[in-house]
Every structure is written in structure tokens, then in C-alpha cells.
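Shown here: start.cif, mmCIF, C-alpha atoms.
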```cif
data_coords
loop_
_atom_site.group_PDB
_atom_site.id
_atom_site.type_symbol
_atom_site.label_atom_id
_atom_site.label_comp_id
_atom_site.auth_asym_id
_atom_site.auth_seq_id
_atom_site.Cartn_x
_atom_site.Cartn_y
_atom_site.Cartn_z
ATOM 1 C CA MET A 1 -9.905 24.683 -42.681
ATOM 2 C CA SER A 2 -9.038 28.289 -43.342
ATOM 3 C CA HIS A 3 -5.539 28.220 -41.842
ATOM 4 C CA ASP A 4 -2.452 27.221 -43.762
ATOM 5 C CA HIS A 5 -1.098 24.053 -42.145
ATOM 6 C CA SER A 6 1.597 23.296 -44.713
ATOM 7 C CA SER A 7 4.343 24.253 -42.217
ATOM 8 C CA LEU A 8 3.315 21.268 -40.096
ATOM 9 C CA PHE A 9 4.265 18.854 -42.894
ATOM 10 C CA PRO A 10 7.852 19.746 -43.900
ATOM 11 C CA GLU A 11 9.700 17.724 -46.513
ATOM 12 C CA VAL A 12 12.677 17.248 -44.197
ATOM 13 C CA MET A 13 11.786 16.719 -40.558
ATOM 14 C CA PRO A 14 13.809 18.825 -38.095
ATOM 15 C CA ALA A 15 16.094 17.107 -35.573
ATOM 16 C CA ALA A 16 13.664 17.724 -32.705
ATOM 17 C CA PRO A 17 10.175 17.580 -34.288
ATOM 18 C CA GLU A 18 8.544 17.783 -30.856
ATOM 19 C CA LYS A 19 9.856 21.310 -30.278
ATOM 20 C CA ALA A 20 9.890 22.700 -33.829
ATOM 21 C CA THR A 21 6.598 24.598 -33.500
ATOM 22 C CA LEU A 22 5.465 27.154 -30.923
ATOM 23 C CA GLU A 23 2.710 24.784 -29.836
ATOM 24 C CA GLY A 24 5.297 22.021 -29.396
ATOM 25 C CA LYS A 25 7.472 24.280 -27.232
ATOM 26 C CA ASN A 26 4.450 25.292 -25.158
ATOM 27 C CA LYS A 27 3.389 21.667 -24.659
ATOM 28 C CA PHE A 28 6.947 20.819 -23.581
ATOM 29 C CA PHE A 29 7.084 23.609 -20.968
ATOM 30 C CA GLY A 30 3.493 23.047 -19.887
ATOM 31 C CA GLN A 31 4.130 19.354 -19.271
ATOM 32 C CA TRP A 32 7.239 20.023 -17.168
ATOM 33 C CA PHE A 33 5.302 22.619 -15.168
ATOM 34 C CA PHE A 34 2.538 20.068 -14.613
ATOM 35 C CA LEU A 35 5.081 17.436 -13.508
ATOM 36 C CA GLY A 36 6.559 19.922 -11.012
ATOM 37 C CA GLY A 37 3.065 20.244 -9.524
ATOM 38 C CA GLU A 38 2.571 16.479 -9.554
ATOM 39 C CA THR A 39 5.769 16.129 -7.522
ATOM 40 C CA VAL A 40 4.208 18.178 -4.720
ATOM 41 C CA LEU A 41 0.945 16.270 -4.944
ATOM 42 C CA PHE A 42 2.662 12.903 -4.589
ATOM 43 C CA ALA A 43 4.881 14.305 -1.805
ATOM 44 C CA SER A 44 1.765 15.122 0.238
ATOM 45 C CA LEU A 45 0.471 11.568 -0.293
ATOM 46 C CA PHE A 46 3.875 10.110 0.666
ATOM 47 C CA GLY A 47 3.987 12.332 3.760
ATOM 48 C CA THR A 48 0.493 11.220 4.777
ATOM 49 C CA TYR A 49 1.436 7.574 4.259
ATOM 50 C CA LEU A 50 4.628 7.864 6.331
ATOM 51 C CA ALA A 51 2.716 9.584 9.128
ATOM 52 C CA LEU A 52 -0.072 6.952 9.209
ATOM 53 C CA LYS A 53 1.604 3.671 8.198
ATOM 54 C CA ASN A 54 1.778 2.379 11.777
ATOM 55 C CA SER A 55 -1.869 3.218 12.567
ATOM 56 C CA THR A 56 -3.127 -0.237 11.617
ATOM 57 C CA ALA A 57 -6.097 -0.389 14.047
ATOM 58 C CA GLY A 58 -5.263 -4.020 14.877
ATOM 59 C CA GLY A 59 -5.057 -5.024 11.199
ATOM 60 C CA PRO A 60 -2.024 -6.514 9.414
ATOM 61 C CA SER A 61 1.223 -4.521 9.468
ATOM 62 C CA THR A 62 3.239 -3.598 6.365
ATOM 63 C CA ASP A 63 5.626 -6.482 7.024
ATOM 64 C CA GLU A 64 2.827 -9.073 7.224
ATOM 65 C CA LEU A 65 0.951 -7.686 4.229
ATOM 66 C CA PHE A 66 3.493 -7.049 1.492
ATOM 67 C CA GLY A 67 5.117 -9.697 -0.689
ATOM 68 C CA LEU A 68 8.260 -8.727 -2.572
ATOM 69 C CA GLY A 69 7.834 -11.069 -5.568
ATOM 70 C CA LEU A 70 4.852 -9.313 -7.124
ATOM 71 C CA VAL A 71 6.288 -5.870 -6.402
ATOM 72 C CA PHE A 72 9.524 -6.877 -8.115
ATOM 73 C CA LEU A 73 7.595 -8.039 -11.180
ATOM 74 C CA MET A 74 5.629 -4.756 -11.261
ATOM 75 C CA THR A 75 8.866 -2.768 -10.948
ATOM 76 C CA MET A 76 10.428 -4.635 -13.870
ATOM 77 C CA LEU A 77 7.310 -4.142 -16.028
ATOM 78 C CA LEU A 78 7.191 -0.392 -15.415
ATOM 79 C CA LEU A 79 10.949 0.128 -15.697
ATOM 80 C CA THR A 80 10.999 -1.754 -19.010
ATOM 81 C CA SER A 81 8.028 0.263 -20.282
ATOM 82 C CA SER A 82 10.074 3.382 -19.542
ATOM 83 C CA LEU A 83 12.847 2.057 -21.796
ATOM 84 C CA THR A 84 10.419 1.115 -24.584
ATOM 85 C CA SER A 85 9.044 4.650 -24.528
ATOM 86 C CA VAL A 86 12.640 5.918 -24.866
ATOM 87 C CA TYR A 87 12.921 3.684 -27.968
ATOM 88 C CA ALA A 88 9.681 5.176 -29.307
ATOM 89 C CA MET A 89 11.017 8.739 -28.943
ATOM 90 C CA TYR A 90 14.307 7.640 -30.553
ATOM 91 C CA HIS A 91 12.395 6.473 -33.614
ATOM 92 C CA MET A 92 10.298 9.643 -33.582
ATOM 93 C CA ARG A 93 13.465 11.753 -33.864
ATOM 94 C CA ASN A 94 14.632 9.496 -36.715
ATOM 95 C CA ASN A 95 11.236 10.039 -38.383
ATOM 96 C CA ASP A 96 10.339 6.330 -38.322
ATOM 97 C CA PHE A 97 6.601 6.376 -37.686
ATOM 98 C CA LYS A 98 6.011 2.606 -37.781
ATOM 99 C CA LYS A 99 8.774 1.754 -35.314
ATOM 100 C CA MET A 100 7.609 4.564 -33.018
ATOM 101 C CA TYR A 101 4.130 3.017 -33.071
ATOM 102 C CA LEU A 102 5.501 -0.465 -32.400
ATOM 103 C CA TRP A 103 7.421 0.686 -29.311
ATOM 104 C CA LEU A 104 4.558 2.825 -28.032
ATOM 105 C CA GLY A 105 2.311 -0.237 -28.401
ATOM 106 C CA ILE A 106 4.735 -2.342 -26.348
ATOM 107 C CA THR A 107 4.874 0.463 -23.756
ATOM 108 C CA GLY A 108 1.085 0.347 -23.456
ATOM 109 C CA LEU A 109 1.028 -3.446 -23.110
ATOM 110 C CA LEU A 110 3.644 -3.348 -20.334
ATOM 111 C CA GLY A 111 1.557 -0.660 -18.619
ATOM 112 C CA ILE A 112 -1.519 -2.917 -18.822
ATOM 113 C CA GLY A 113 0.557 -5.756 -17.341
ATOM 114 C CA PHE A 114 1.576 -3.518 -14.458
ATOM 115 C CA LEU A 115 -2.016 -2.460 -13.855
ATOM 116 C CA ALA A 116 -3.246 -6.078 -13.908
ATOM 117 C CA CYS A 117 -0.677 -6.959 -11.208
ATOM 118 C CA GLU A 118 -1.803 -4.010 -9.110
ATOM 119 C CA ILE A 119 -5.483 -4.960 -9.367
ATOM 120 C CA TYR A 120 -4.586 -8.530 -8.387
ATOM 121 C CA GLU A 121 -2.553 -7.185 -5.441
ATOM 122 C CA PHE A 122 -5.388 -4.997 -4.135
ATOM 123 C CA ALA A 123 -7.951 -7.786 -4.572
ATOM 124 C CA HIS A 124 -5.627 -10.148 -2.706
ATOM 125 C CA TYR A 125 -5.304 -7.729 0.241
ATOM 126 C CA ILE A 126 -9.068 -7.225 0.438
ATOM 127 C CA THR A 127 -10.111 -10.891 0.129
ATOM 128 C CA GLU A 128 -7.259 -12.538 2.093
ATOM 129 C CA TYR A 129 -6.580 -9.940 4.787
ATOM 130 C CA GLY A 130 -9.781 -7.857 4.820
ATOM 131 C CA PHE A 131 -7.434 -4.901 4.315
ATOM 132 C CA SER A 132 -9.399 -2.148 2.567
ATOM 133 C CA PHE A 133 -9.493 1.639 2.206
ATOM 134 C CA ARG A 134 -11.780 1.787 5.235
ATOM 135 C CA SER A 135 -10.088 -0.702 7.582
ATOM 136 C CA SER A 136 -7.553 1.727 9.144
ATOM 137 C CA ALA A 137 -5.709 5.021 8.702
ATOM 138 C CA PHE A 138 -2.880 2.924 7.248
ATOM 139 C CA GLY A 139 -5.355 1.417 4.758
ATOM 140 C CA SER A 140 -6.625 4.828 3.670
ATOM 141 C CA ALA A 141 -3.120 6.249 3.260
ATOM 142 C CA PHE A 142 -1.857 3.146 1.420
ATOM 143 C CA TYR A 143 -4.696 2.941 -1.109
ATOM 144 C CA ALA A 144 -4.701 6.722 -1.605
ATOM 145 C CA LEU A 145 -0.977 6.768 -2.456
ATOM 146 C CA VAL A 146 -0.578 3.529 -4.425
ATOM 147 C CA GLY A 147 -4.065 3.780 -5.944
ATOM 148 C CA PHE A 148 -3.418 7.333 -7.106
ATOM 149 C CA HIS A 149 -0.257 6.140 -8.849
ATOM 150 C CA GLY A 150 -2.242 3.268 -10.397
ATOM 151 C CA GLY A 151 -4.809 5.843 -11.505
ATOM 152 C CA HIS A 152 -2.012 7.701 -13.286
ATOM 153 C CA VAL A 153 -0.985 4.497 -15.057
ATOM 154 C CA LEU A 154 -4.605 3.902 -16.117
ATOM 155 C CA PHE A 155 -4.891 7.495 -17.345
ATOM 156 C CA GLY A 156 -1.600 7.100 -19.240
ATOM 157 C CA ILE A 157 -2.841 3.935 -20.970
ATOM 158 C CA CYS A 158 -6.098 5.663 -21.998
ATOM 159 C CA TRP A 159 -4.114 8.686 -23.216
ATOM 160 C CA LEU A 160 -1.736 6.515 -25.247
ATOM 161 C CA THR A 161 -4.572 4.459 -26.741
ATOM 162 C CA THR A 162 -6.371 7.626 -27.837
ATOM 163 C CA LEU A 163 -3.168 9.028 -29.390
ATOM 164 C CA LEU A 164 -2.439 5.786 -31.237
ATOM 165 C CA ILE A 165 -5.975 5.505 -32.648
ATOM 166 C CA ARG A 166 -6.320 9.191 -33.582
ATOM 167 C CA ASN A 167 -2.968 9.434 -35.358
ATOM 168 C CA ALA A 168 -2.802 5.956 -36.915
ATOM 169 C CA LYS A 169 -3.359 7.223 -40.477
ATOM 170 C CA ARG A 170 -1.714 10.629 -40.146
ATOM 171 C CA GLY A 171 1.952 9.633 -40.135
ATOM 172 C CA LEU A 172 4.482 11.631 -38.177
ATOM 173 C CA ASN A 173 4.303 15.419 -38.554
ATOM 174 C CA LEU A 174 4.977 18.552 -36.534
ATOM 175 C CA TYR A 175 1.378 18.565 -35.316
ATOM 176 C CA ASN A 176 1.414 15.184 -33.553
ATOM 177 C CA ALA A 177 5.126 14.781 -32.679
ATOM 178 C CA PRO A 178 4.757 17.065 -29.575
ATOM 179 C CA LYS A 179 1.774 14.973 -28.441
ATOM 180 C CA PHE A 180 3.797 11.746 -28.395
ATOM 181 C CA ASN A 181 6.678 13.468 -26.626
ATOM 182 C CA THR A 182 4.360 14.924 -23.960
ATOM 183 C CA PHE A 183 2.973 11.474 -23.279
ATOM 184 C CA SER A 184 6.487 10.042 -23.034
ATOM 185 C CA LEU A 185 7.477 12.614 -20.386
ATOM 186 C CA PHE A 186 4.373 11.740 -18.372
ATOM 187 C CA TRP A 187 5.153 8.032 -18.623
ATOM 188 C CA HIS A 188 8.736 8.499 -17.357
ATOM 189 C CA PHE A 189 7.426 10.568 -14.469
ATOM 190 C CA ILE A 190 5.067 7.732 -13.482
ATOM 191 C CA ASP A 191 8.109 5.481 -13.281
ATOM 192 C CA VAL A 192 9.946 8.028 -11.102
ATOM 193 C CA VAL A 193 7.001 7.989 -8.679
ATOM 194 C CA TRP A 194 6.957 4.179 -8.719
ATOM 195 C CA VAL A 195 10.671 4.061 -7.793
ATOM 196 C CA PHE A 196 9.803 5.940 -4.603
ATOM 197 C CA ILE A 197 6.695 3.822 -3.975
ATOM 198 C CA PHE A 198 8.565 0.514 -4.168
ATOM 199 C CA THR A 199 11.342 1.943 -2.022
ATOM 200 C CA VAL A 200 9.355 3.820 0.635
ATOM 201 C CA VAL A 201 6.166 1.724 0.803
ATOM 202 C CA TYR A 202 7.216 -1.847 0.011
ATOM 203 C CA LEU A 203 10.942 -2.221 0.739
ATOM 204 C CA MET A 204 10.986 0.056 3.792
ATOM 205 C CA GLY A 205 7.688 -1.554 4.864
ATOM 206 C CA LYS A 206 9.439 -4.928 4.860
ATOM 207 C CA VAL A 207 12.367 -3.604 6.868
ATOM 208 C CA GLY A 208 10.057 -1.967 9.387
ATOM 209 C CA MET B 1 22.710 23.023 -49.253
ATOM 210 C CA THR B 2 23.801 20.338 -51.702
ATOM 211 C CA ASP B 3 22.530 16.785 -51.374
ATOM 212 C CA ASN B 4 25.937 15.646 -50.204
ATOM 213 C CA SER B 5 26.088 17.960 -47.179
ATOM 214 C CA ASN B 6 22.477 17.090 -46.438
ATOM 215 C CA ASP B 7 23.479 13.429 -46.288
ATOM 216 C CA GLN B 8 26.366 14.280 -44.001
ATOM 217 C CA THR B 9 24.050 16.155 -41.649
ATOM 218 C CA GLU B 10 21.770 13.139 -41.653
ATOM 219 C CA VAL B 11 24.679 10.786 -40.902
ATOM 220 C CA PHE B 12 25.854 13.094 -38.111
ATOM 221 C CA LYS B 13 22.342 13.298 -36.684
ATOM 222 C CA ARG B 14 21.959 9.524 -36.661
ATOM 223 C CA GLN B 15 25.402 9.065 -35.132
ATOM 224 C CA LYS B 16 24.457 11.512 -32.353
ATOM 225 C CA SER B 17 21.163 9.801 -31.590
ATOM 226 C CA LYS B 18 22.911 6.419 -31.628
ATOM 227 C CA GLU B 19 25.359 7.632 -28.973
ATOM 228 C CA GLU B 20 22.427 9.028 -26.987
ATOM 229 C CA MET B 21 20.709 5.638 -27.248
ATOM 230 C CA GLN B 22 23.814 3.906 -25.855
ATOM 231 C CA ARG B 23 23.863 6.260 -22.864
ATOM 232 C CA GLN B 24 20.174 5.558 -22.257
ATOM 233 C CA LEU B 25 20.761 1.808 -22.431
ATOM 234 C CA ILE B 26 23.579 2.117 -19.881
ATOM 235 C CA SER B 27 21.200 4.131 -17.657
ATOM 236 C CA PHE B 28 18.584 1.399 -17.987
ATOM 237 C CA GLY B 29 21.139 -1.297 -17.110
ATOM 238 C CA LEU B 30 22.260 0.622 -14.027
ATOM 239 C CA MET B 31 18.641 1.165 -12.943
ATOM 240 C CA ILE B 32 17.987 -2.578 -13.203
ATOM 241 C CA VAL B 33 21.142 -3.243 -11.139
ATOM 242 C CA PHE B 34 20.092 -0.714 -8.475
ATOM 243 C CA THR B 35 16.617 -2.277 -8.321
ATOM 244 C CA LEU B 36 18.103 -5.760 -7.953
ATOM 245 C CA ILE B 37 20.445 -4.603 -5.174
ATOM 246 C CA ALA B 38 17.580 -2.832 -3.360
ATOM 247 C CA PHE B 39 15.319 -5.915 -3.445
ATOM 248 C CA ALA B 40 18.234 -8.243 -2.609
ATOM 249 C CA ILE B 41 19.350 -6.409 0.522
ATOM 250 C CA VAL B 42 15.765 -6.367 1.827
ATOM 251 C CA ALA B 43 14.990 -9.986 0.882
ATOM 252 C CA THR B 44 18.224 -11.474 2.238
ATOM 253 C CA ASP B 45 18.368 -9.237 5.329
ATOM 254 C CA THR B 46 22.186 -9.113 5.223
ATOM 255 C CA VAL B 47 22.704 -5.396 5.800
ATOM 256 C CA ASP B 48 22.441 -3.809 9.239
ATOM 257 C CA ARG B 49 19.038 -2.188 9.801
ATOM 258 C CA ILE B 50 20.536 1.246 10.487
ATOM 259 C CA TYR B 51 22.160 1.301 7.032
ATOM 260 C CA ILE B 52 19.292 -0.193 5.004
ATOM 261 C CA LEU B 53 17.022 2.879 4.949
ATOM 262 C CA PRO B 54 19.661 5.408 3.801
ATOM 263 C CA ILE B 55 21.032 2.952 1.201
ATOM 264 C CA LEU B 56 17.545 2.313 -0.232
ATOM 265 C CA PHE B 57 16.745 6.020 -0.263
ATOM 266 C CA ILE B 58 19.990 7.032 -1.987
ATOM 267 C CA MET B 59 19.498 4.344 -4.657
ATOM 268 C CA ALA B 60 15.946 5.613 -5.285
ATOM 269 C CA ILE B 61 17.234 9.173 -5.733
ATOM 270 C CA VAL B 62 19.955 7.998 -8.151
ATOM 271 C CA GLN B 63 17.330 6.079 -10.171
ATOM 272 C CA ALA B 64 15.073 9.130 -10.295
ATOM 273 C CA GLY B 65 18.089 11.128 -11.504
ATOM 274 C CA PHE B 66 18.672 8.667 -14.371
ATOM 275 C CA GLN B 67 15.008 8.969 -15.371
ATOM 276 C CA PHE B 68 15.055 12.764 -15.326
ATOM 277 C CA TYR B 69 18.499 13.419 -16.835
ATOM 278 C CA TYR B 70 18.778 10.614 -19.396
ATOM 279 C CA PHE B 71 15.268 9.308 -20.179
ATOM 280 C CA MET B 72 13.600 12.741 -19.983
ATOM 281 C CA HIS B 73 16.664 14.591 -21.417
ATOM 282 C CA LEU B 74 16.989 17.090 -18.557
ATOM 283 C CA LYS B 75 20.769 17.076 -19.182
ATOM 284 C CA ASP B 76 20.367 18.368 -22.760
ATOM 285 C CA LYS B 77 20.644 22.052 -23.532
ATOM 286 C CA GLY B 78 17.393 23.979 -23.716
ATOM 287 C CA HIS B 79 16.214 22.307 -20.498
ATOM 288 C CA GLU B 80 17.005 25.151 -18.091
ATOM 289 C CA MET B 81 13.352 26.076 -17.647
ATOM 290 C CA PRO B 82 12.147 22.461 -17.142
ATOM 291 C CA ALA B 83 14.960 22.005 -14.586
ATOM 292 C CA LEU B 84 13.779 25.120 -12.744
ATOM 293 C CA LEU B 85 10.174 23.878 -12.819
ATOM 294 C CA ILE B 86 10.975 20.366 -11.599
ATOM 295 C CA TYR B 87 13.413 21.533 -8.909
ATOM 296 C CA GLY B 88 10.789 24.057 -7.774
ATOM 297 C CA GLY B 89 8.424 21.092 -7.462
ATOM 298 C CA VAL B 90 11.036 19.030 -5.602
ATOM 299 C CA TRP B 91 11.658 21.924 -3.187
ATOM 300 C CA ALA B 92 7.933 22.316 -2.443
ATOM 301 C CA ALA B 93 7.707 18.511 -2.122
ATOM 302 C CA PHE B 94 10.539 18.572 0.426
ATOM 303 C CA LEU B 95 8.736 21.267 2.453
ATOM 304 C CA THR B 96 5.474 19.281 2.314
ATOM 305 C CA LEU B 97 7.195 16.092 3.500
ATOM 306 C CA ALA B 98 9.161 17.917 6.193
ATOM 307 C CA GLY B 99 5.990 19.630 7.429
ATOM 308 C CA LEU B 100 4.017 16.379 7.644
ATOM 309 C CA MET B 101 6.925 14.567 9.300
ATOM 310 C CA VAL B 102 7.419 17.287 11.906
ATOM 311 C CA ILE B 103 3.759 17.522 12.948
ATOM 312 C CA SER B 104 3.439 13.738 13.276
ATOM 313 C CA TRP B 105 6.756 12.881 14.956
ATOM 314 C CA TRP B 106 7.594 15.925 17.083
#
```

How does this structure look as C-alpha cells?
Amino acid sequence: MSHDHSSLFPEVMPAAPEKATLEGKNKFFGQWFFLGGETVLFASLFGTYLALKNSTAGGPSTDELFGLGLVFLMTMLLLTSSLTSVYAMYHMRNNDFKKMYLWLGITGLLGIGFLACEIYEFAHYITEYGFSFRSSAFGSAFYALVGFHGGHVLFGICWLTTLLIRNAKRGLNLYNAPKFNTFSLFWHFIDVVWVFIFTVVYLMGKVG
Amino acid sequence: MTDNSNDQTEVFKRQKSKEEMQRQLISFGLMIVFTLIAFAIVATDTVDRIYILPILFIMAIVQAGFQFYYFMHLKDKGHEMPALLIYGGVWAAFLTLAGLMVISWW
């Protein structure tokens, strides 16, 4: 390569390696801007769900459909994965590449666990209750909202896997530190959305 | 900078991030507690129906606040622009929700 990249590999890592370069700063702002947009996108899906949740077309209601046990397990998995990603960023700032990788790996595994529960949940609704995307307006709104969140989790897992494979032999430097931090912000945001899903969809669905 | 002062900076840095880690662990503990309370009041059906929805909603907002301010470092300095961006998003989200609620419930 013709460019001089030596500035990306300093002898002493700065306190905040994710924001030490212009590209890092841009990624940081860009990601927050993106998350601001995502907030609106999820708000429109939440609004649609709230408007249509009682249009069951004779199918099962939210109270009959949802079980709290599985949702509680999913909440714990995702909340814990948020903490493990905090640990990963803690080790990134202490320039401990191996520990950062360990915690990011655990984060990914917890995410896979969450996704497996969600797939089981959807399959259960379809096979036991015949409740699908097409069965009612409630069905469409439910799968659009919860499925879109699950899609974000799936995307996050693919993103993390790619990062972990691509950077496995590089060690931590100012080129890849912003990438890990950007992923971590995304992952926390997914948990924020899930907090509102378990509250608005499942818990409030149980209350009626 | 001599090696000694470099070490001190390093010690200070680690001390700071250790304190930050403690705050994040407390946030995590509180989020778990809020989640447990939310599931418990719905599962046991002990709270009056009129109060359940606002209680659940307030606890969700507090949890989201912990995520944003502690886990995503929105409270740290240098986060004025991200705060503006996310609150802009929250404002537009509020308008979207209010709009959809009004046209379906009016």
C-alpha cells in the first residue's frame, strides 16, 4: 500500500483507541446518527403493533398466545450479552486483545441463544396456534416488529463473526478498535429495543 | 515524560476504568432487578390494572436510560452530538407513535 499506516499502530495506545483517529470519530458519530434513525423506524413498528394488536380476526389474543417463561429467558440472555459487550470494550480500552475477544465471543454466543429461543417461539406459534404473518393484522404487526428486532440480532451476530474472523491475527490497533466499538453500540441499542418489546408486546399483552 | 510519570498515568487510567466498570455493574444489577419486578408484577397479578401499565413503562424507560448513559457512555463528555442525534430520534419516534395512536384511537 502506498499510504503510511504507521500512525495506526502506536507504541502506547491512547485512552480511547476507538476515537483516536478521524475515521474512528466519524464511525462513532455515524453510528449514533444511524441509531437515531433506527429509533424512528422501530417507533413506527411499535405504533403499528399497538394500533393493530386487537385485530386478531378470530385468532388467539395476546394473553392466550404469550408465555412469560421463554420471554424472561430471552430477556436475561440479551441483557447479559449487553454486559459482556461492556466487558469487551473495557478490555479494549485496557489494550487487552485476547480478553476483548473472549468477551465478544461470549456476547455472540448469548446472541445465538437468544435467536434460537425466538425461532423456537415463532415455530411454536405457527405449529400450535396456526398464528402466522398472514393470519391477521395482529399477526402481521407482531411478526414485523419482533421479527425485525430478531433480524437485527441476526445481523449483529453476522457482523460480529466477520469482525472476529477478519481481525483475529491483527491484534488491537487504531484501525480496528473503532470497528469493535461501533458494533458494541449497535448491540446495546438492540437491547434497548428489546426492553420495549418485552414491556409493550409481552408484559402489556399479558395484562391486556 | 519519564517512565515513572507514564506508569502513574497508566495507574490512574486503570483506576478510572475500574470505577467506570463498577458503575456499569451496578447499572446491570439494577436492570436485572427492574426486569424481575416487571415480570413479577405481571405474573403474580398483585398490582391494580390501572397502575401496571405506567409502572411497566416507567421501568422500561429507566432501563433504556441505563443502557444509553452507562453502557453506551452517553453521560461521558464528548457525547453532546450523539445525545442530540439520539434525542432527535426519540422526538421523531414520539411524533410517529403519537400520530399512529391518534389516527387509530380518535

Mind running chain B against chain A at 9 Å and telling me each contacting residue's nearest atom pair with the distance in Å (one decimal), counting all atoms listed in the file, chain and number ascending, as a Markdown table?
```
| residue | atom | partner | partner_atom | distance |
| --- | --- | --- | --- | --- |
| B:Lys13 | CA | A:Ala15 | CA | 7.4 |
| B:Arg14 | CA | A:Asn94 | CA | 7.3 |
| B:Ser17 | CA | A:Tyr90 | CA | 7.3 |
| B:Lys18 | CA | A:Tyr90 | CA | 8.8 |
| B:Glu20 | CA | A:Tyr90 | CA | 9.0 |
| B:Met21 | CA | A:Tyr90 | CA | 7.5 |
| B:Gln24 | CA | A:Val86 | CA | 8.0 |
| B:Leu25 | CA | A:Leu83 | CA | 7.9 |
| B:Phe28 | CA | A:Leu83 | CA | 6.9 |
| B:Met31 | CA | A:Leu79 | CA | 8.2 |
| B:Ile32 | CA | A:Met76 | CA | 7.9 |
| B:Thr35 | CA | A:Thr75 | CA | 8.2 |
| B:Leu36 | CA | A:Phe72 | CA | 8.7 |
| B:Ala38 | CA | A:Leu203 | CA | 7.8 |
| B:Phe39 | CA | A:Leu203 | CA | 7.1 |
| B:Val42 | CA | A:Leu203 | CA | 6.5 |
| B:Ala43 | CA | A:Leu68 | CA | 7.7 |
| B:Asp45 | CA | A:Val207 | CA | 8.4 |
| B:Arg49 | CA | A:Val207 | CA | 7.4 |
| B:Ile52 | CA | A:Val207 | CA | 7.9 |
| B:Leu53 | CA | A:Met204 | CA | 6.8 |
| B:Leu56 | CA | A:Thr199 | CA | 6.5 |
| B:Phe57 | CA | A:Thr199 | CA | 7.0 |
| B:Met59 | CA | A:Thr199 | CA | 8.9 |
| B:Ala60 | CA | A:Val195 | CA | 6.0 |
| B:Ile61 | CA | A:Phe196 | CA | 8.2 |
| B:Gln63 | CA | A:Val195 | CA | 7.4 |
| B:Ala64 | CA | A:Val192 | CA | 5.3 |
| B:Gly65 | CA | A:Val192 | CA | 8.7 |
| B:Gln67 | CA | A:His188 | CA | 6.6 |
| B:Phe68 | CA | A:His188 | CA | 7.9 |
| B:Phe71 | CA | A:Val86 | CA | 6.4 |
| B:Met72 | CA | A:Leu185 | CA | 6.1 |
| B:Met81 | CA | A:Phe29 | CA | 7.5 |
| B:Pro82 | CA | A:Trp32 | CA | 5.5 |
| B:Ala83 | CA | A:Trp32 | CA | 8.4 |
| B:Leu85 | CA | A:Phe33 | CA | 5.6 |
| B:Ile86 | CA | A:Gly36 | CA | 4.5 |
| B:Tyr87 | CA | A:Gly36 | CA | 7.3 |
| B:Gly88 | CA | A:Gly36 | CA | 6.7 |
| B:Gly89 | CA | A:Gly36 | CA | 4.2 |
| B:Val90 | CA | A:Thr39 | CA | 6.3 |
| B:Trp91 | CA | A:Val40 | CA | 8.5 |
| B:Ala92 | CA | A:Val40 | CA | 6.0 |
| B:Ala93 | CA | A:Val40 | CA | 4.4 |
| B:Phe94 | CA | A:Ala43 | CA | 7.4 |
| B:Thr96 | CA | A:Ser44 | CA | 5.9 |
| B:Leu97 | CA | A:Gly47 | CA | 4.9 |
| B:Ala98 | CA | A:Gly47 | CA | 8.0 |
| B:Gly99 | CA | A:Gly47 | CA | 8.4 |
| B:Leu100 | CA | A:Gly47 | CA | 5.6 |
| B:Met101 | CA | A:Ala51 | CA | 6.5 |
| B:Ile103 | CA | A:Ala51 | CA | 8.9 |
| B:Ser104 | CA | A:Ala51 | CA | 5.9 |
| B:Trp105 | CA | A:Ala51 | CA | 7.8 |
```

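As for CA of Leu104 (chain A) and CA of Ile37 (chain B), they are spaced 28.8 Å apart.
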
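When CA of Phe12 (chain B) is paired with CA of Asp76 (chain B), their separation reads 17.1 Å.
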
Can you translate the PyMOL selection byres ((chain A and resi 147-163) around 9) into the concrete residues it hits in this file, as JSON, numbers by chain?
{"A": [42, 45, 104, 105, 107, 108, 109, 111, 112, 114, 115, 118, 119, 142, 143, 144, 145, 146, 164, 165, 166, 167, 168, 176, 179, 180, 183, 186, 187, 190, 193, 194, 197]}

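The residues caught by the PyMOL selection byres ((chain A and resi 135) around 10) in this file are Thr56, Ala57, Gly58, Gly59, Ile126, Gly130, Phe131, Ser132, Phe133, Arg134, Ser136, Ala137, Phe138, Gly139 and Ser140 of chain A.
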